[in-house]
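For reference, input-v6.txt (compact mmCIF, C-alpha atoms):
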```
# COMPACT_ATOMS: atom_id res chain seq x y z
CA MET A 1 64.61 -32.83 -51.47
CA ILE A 2 65.23 -32.78 -47.75
CA ARG A 3 67.93 -30.38 -46.69
CA ARG A 4 70.05 -30.99 -43.64
CA PRO A 5 69.28 -28.43 -40.90
CA PRO A 6 72.19 -26.42 -39.52
CA ARG A 7 73.99 -28.32 -36.74
CA SER A 8 73.04 -25.70 -34.17
CA THR A 9 69.33 -26.20 -34.92
CA LEU A 10 69.26 -29.81 -33.80
CA SER A 11 71.90 -29.41 -31.12
CA SER A 12 70.05 -26.56 -29.44
CA SER A 13 66.84 -28.59 -29.57
CA SER A 14 68.24 -30.98 -27.00
CA ALA A 15 70.15 -28.46 -24.88
CA ALA A 16 67.68 -28.22 -21.99
CA SER A 17 67.54 -31.50 -20.10
CA ASP A 18 64.04 -30.85 -18.73
CA VAL A 19 62.44 -30.30 -22.14
CA TYR A 20 60.53 -32.97 -24.05
CA LYS A 21 59.82 -32.23 -27.69
CA ARG A 22 57.41 -33.96 -29.99
CA GLN A 23 57.05 -33.25 -33.66
CA VAL A 24 54.13 -34.44 -35.75
CA ASP A 25 54.01 -34.51 -39.53
CA GLN A 26 51.59 -36.23 -41.89
CA CYS A 27 54.45 -37.29 -44.19
CA ALA A 28 56.15 -40.52 -43.13
CA ALA A 29 59.24 -39.74 -45.25
CA PHE A 30 59.75 -36.43 -43.39
CA VAL A 31 59.40 -38.15 -40.02
CA GLU A 32 61.90 -40.83 -41.02
CA ALA A 33 64.37 -38.19 -42.25
CA ALA A 34 63.93 -36.16 -39.04
CA ASP A 35 64.65 -39.24 -36.90
CA HIS A 36 67.75 -40.03 -38.93
CA LEU A 37 69.10 -36.46 -38.91
CA ALA A 38 68.45 -35.96 -35.19
CA ALA A 39 70.10 -39.25 -34.24
CA GLY A 40 73.07 -38.40 -36.46
CA GLU A 41 73.48 -35.09 -34.61
CA GLY A 42 73.53 -36.84 -31.23
CA VAL A 43 70.16 -35.48 -30.11
CA ASP A 44 68.87 -37.16 -26.93
CA MET A 45 66.05 -39.14 -28.52
CA ALA A 46 64.59 -39.88 -25.09
CA ARG A 47 63.58 -36.21 -25.04
CA MET A 48 62.63 -35.82 -28.70
CA ARG A 49 60.07 -37.76 -30.70
CA PHE A 50 58.98 -37.48 -34.30
CA ARG A 51 55.87 -39.30 -35.45
CA VAL A 52 53.39 -39.49 -38.27
CA GLY A 53 50.05 -37.98 -37.41
CA ASP A 54 47.81 -34.95 -37.40
CA ALA A 55 48.76 -32.24 -34.91
CA ALA A 56 45.14 -31.10 -34.70
CA THR A 57 44.10 -34.43 -33.19
CA ASP A 58 47.29 -35.40 -31.37
CA PRO A 59 46.48 -37.78 -28.49
CA GLU A 60 49.20 -36.21 -26.29
CA GLY A 61 47.37 -32.88 -26.19
CA LYS A 62 48.04 -29.36 -27.34
CA PHE A 63 51.41 -27.97 -28.43
CA ASP A 64 53.57 -25.19 -26.95
CA GLY A 65 54.43 -24.15 -30.49
CA VAL A 66 53.33 -24.85 -34.05
CA VAL A 67 55.72 -24.42 -36.98
CA MET A 68 54.55 -24.39 -40.59
CA HIS A 69 57.39 -24.29 -43.09
CA THR A 70 56.46 -23.90 -46.77
CA LEU A 71 53.03 -25.35 -46.12
CA LEU A 72 50.38 -22.70 -46.68
CA SER A 73 51.30 -22.12 -50.32
CA HIS A 74 50.55 -25.80 -51.02
CA VAL A 75 47.09 -26.25 -49.49
CA PRO A 76 43.74 -25.35 -51.04
CA ASP A 77 42.42 -23.67 -47.87
CA PRO A 78 45.18 -21.87 -45.92
CA LYS A 79 42.66 -20.30 -43.55
CA ALA A 80 41.42 -23.74 -42.48
CA VAL A 81 45.01 -24.85 -41.85
CA LEU A 82 45.68 -21.77 -39.70
CA CYS A 83 42.47 -22.39 -37.73
CA SER A 84 43.53 -26.00 -37.21
CA ALA A 85 46.94 -24.82 -35.98
CA ARG A 86 45.23 -22.53 -33.49
CA GLU A 87 43.22 -25.50 -32.21
CA ALA A 88 46.36 -27.66 -31.91
CA ALA A 89 48.20 -24.97 -29.90
CA GLN A 90 47.67 -24.30 -26.24
CA PRO A 91 46.92 -20.71 -25.17
CA GLY A 92 49.98 -18.49 -25.51
CA ALA A 93 51.76 -20.91 -27.85
CA LEU A 94 54.10 -19.71 -30.58
CA LEU A 95 52.85 -20.00 -34.16
CA ALA A 96 55.67 -19.71 -36.69
CA VAL A 97 54.80 -19.54 -40.38
CA VAL A 98 57.54 -19.49 -43.00
CA ASP A 99 56.20 -19.45 -46.51
CA GLY A 100 56.43 -17.63 -49.78
CA ASP A 101 54.27 -16.50 -52.60
CA TYR A 102 56.30 -17.95 -55.42
CA MET A 103 53.71 -16.92 -58.00
CA GLY A 104 54.32 -13.28 -57.06
CA LEU A 105 58.06 -13.40 -56.47
CA SER A 106 59.00 -9.82 -55.69
CA PHE A 107 60.97 -7.44 -53.54
CA HIS A 108 59.43 -4.25 -52.21
CA SER A 109 60.97 -1.08 -50.81
CA ARG A 110 58.61 1.71 -49.78
CA THR A 111 61.35 4.31 -49.70
CA LYS A 112 63.09 3.37 -52.96
CA PRO A 113 60.63 2.19 -55.62
CA GLU A 114 63.37 2.07 -58.26
CA LEU A 115 65.21 -0.44 -56.05
CA SER A 116 62.05 -2.56 -55.89
CA ASP A 117 61.90 -2.70 -59.67
CA ARG A 118 65.61 -3.55 -60.05
CA MET A 119 65.50 -6.21 -57.32
CA SER A 120 62.36 -7.86 -58.74
CA LYS A 121 63.99 -8.10 -62.17
CA ALA A 122 67.22 -9.44 -60.64
CA LEU A 123 65.30 -12.08 -58.65
CA VAL A 124 63.48 -13.27 -61.75
CA LYS A 125 66.71 -13.40 -63.74
CA ALA A 126 68.65 -15.21 -61.01
CA THR A 127 65.87 -17.66 -60.26
CA PHE A 128 64.46 -18.51 -63.66
CA GLU A 129 67.04 -17.53 -66.25
CA SER A 130 70.29 -18.81 -64.70
CA ALA A 131 71.52 -22.28 -65.52
CA GLY A 132 71.49 -24.66 -62.58
CA VAL A 133 68.91 -22.75 -60.56
CA MET A 134 65.60 -24.47 -59.98
```
Spell out the structure here as structure tokens.
Amino acid sequence: MIRRPPRSTLSSSSAASDVYKRQVDQCAAFVEAADHLAAGEGVDMARMRFRVGDAATDPEGKFDGVVMHTLLSHVPDPKAVLCSAREAAQPGALLAVVDGDYMGLSFHSRTKPELSDRMSKALVKATFESAGVM
């Protein structure tokens, strides 16, 4: 499922008129969805481009930022992916990783261990035992 990003996400992406953004993904369906969503939000597509490819070998050069969203938990060698991201990024670039360990779904509080236990049980119940969730 592809979820629609918040309006402000795409709108702010095109706010600066001197910025050119390129996004690379190996999944053609994601690139097609990104094009469609961005165009539907009125993003200046002359300054934004989505394309299928490999960021590590992008012919346009290195990136100012690399974003990995729910990627590392799905690859057999996360370290190799992170090393590849470092190679794709220019010095000083932002690397943003958003991921989760869904096998070890938990909540942790150092100051209130009883809260950790209650929250972990509540997360499991809400995620796996409630109708209509997952």
Problem set entry | Separation of CA of Tyr20 in chain A from CA of Met48 in chain A, in Å and rounded to one decimal | 5.8 Å
Exercise. Which of these residues is nearest to Thr57 in chain A, using only C-alpha atoms: A:Val98, A:Ala85, A:Met119, A:Ala29?
Worked result: A:Ala85
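Among the candidates A:Val81, A:Lys112, A:Asp35, A:Pro91, the residue lying nearest to Asp54 in chain A is A:Val81 (atoms considered: all atoms listed in the file).
Put simply, CA of Leu94 in chain A is 8.1 Å away from CA of Val67 in chain A.
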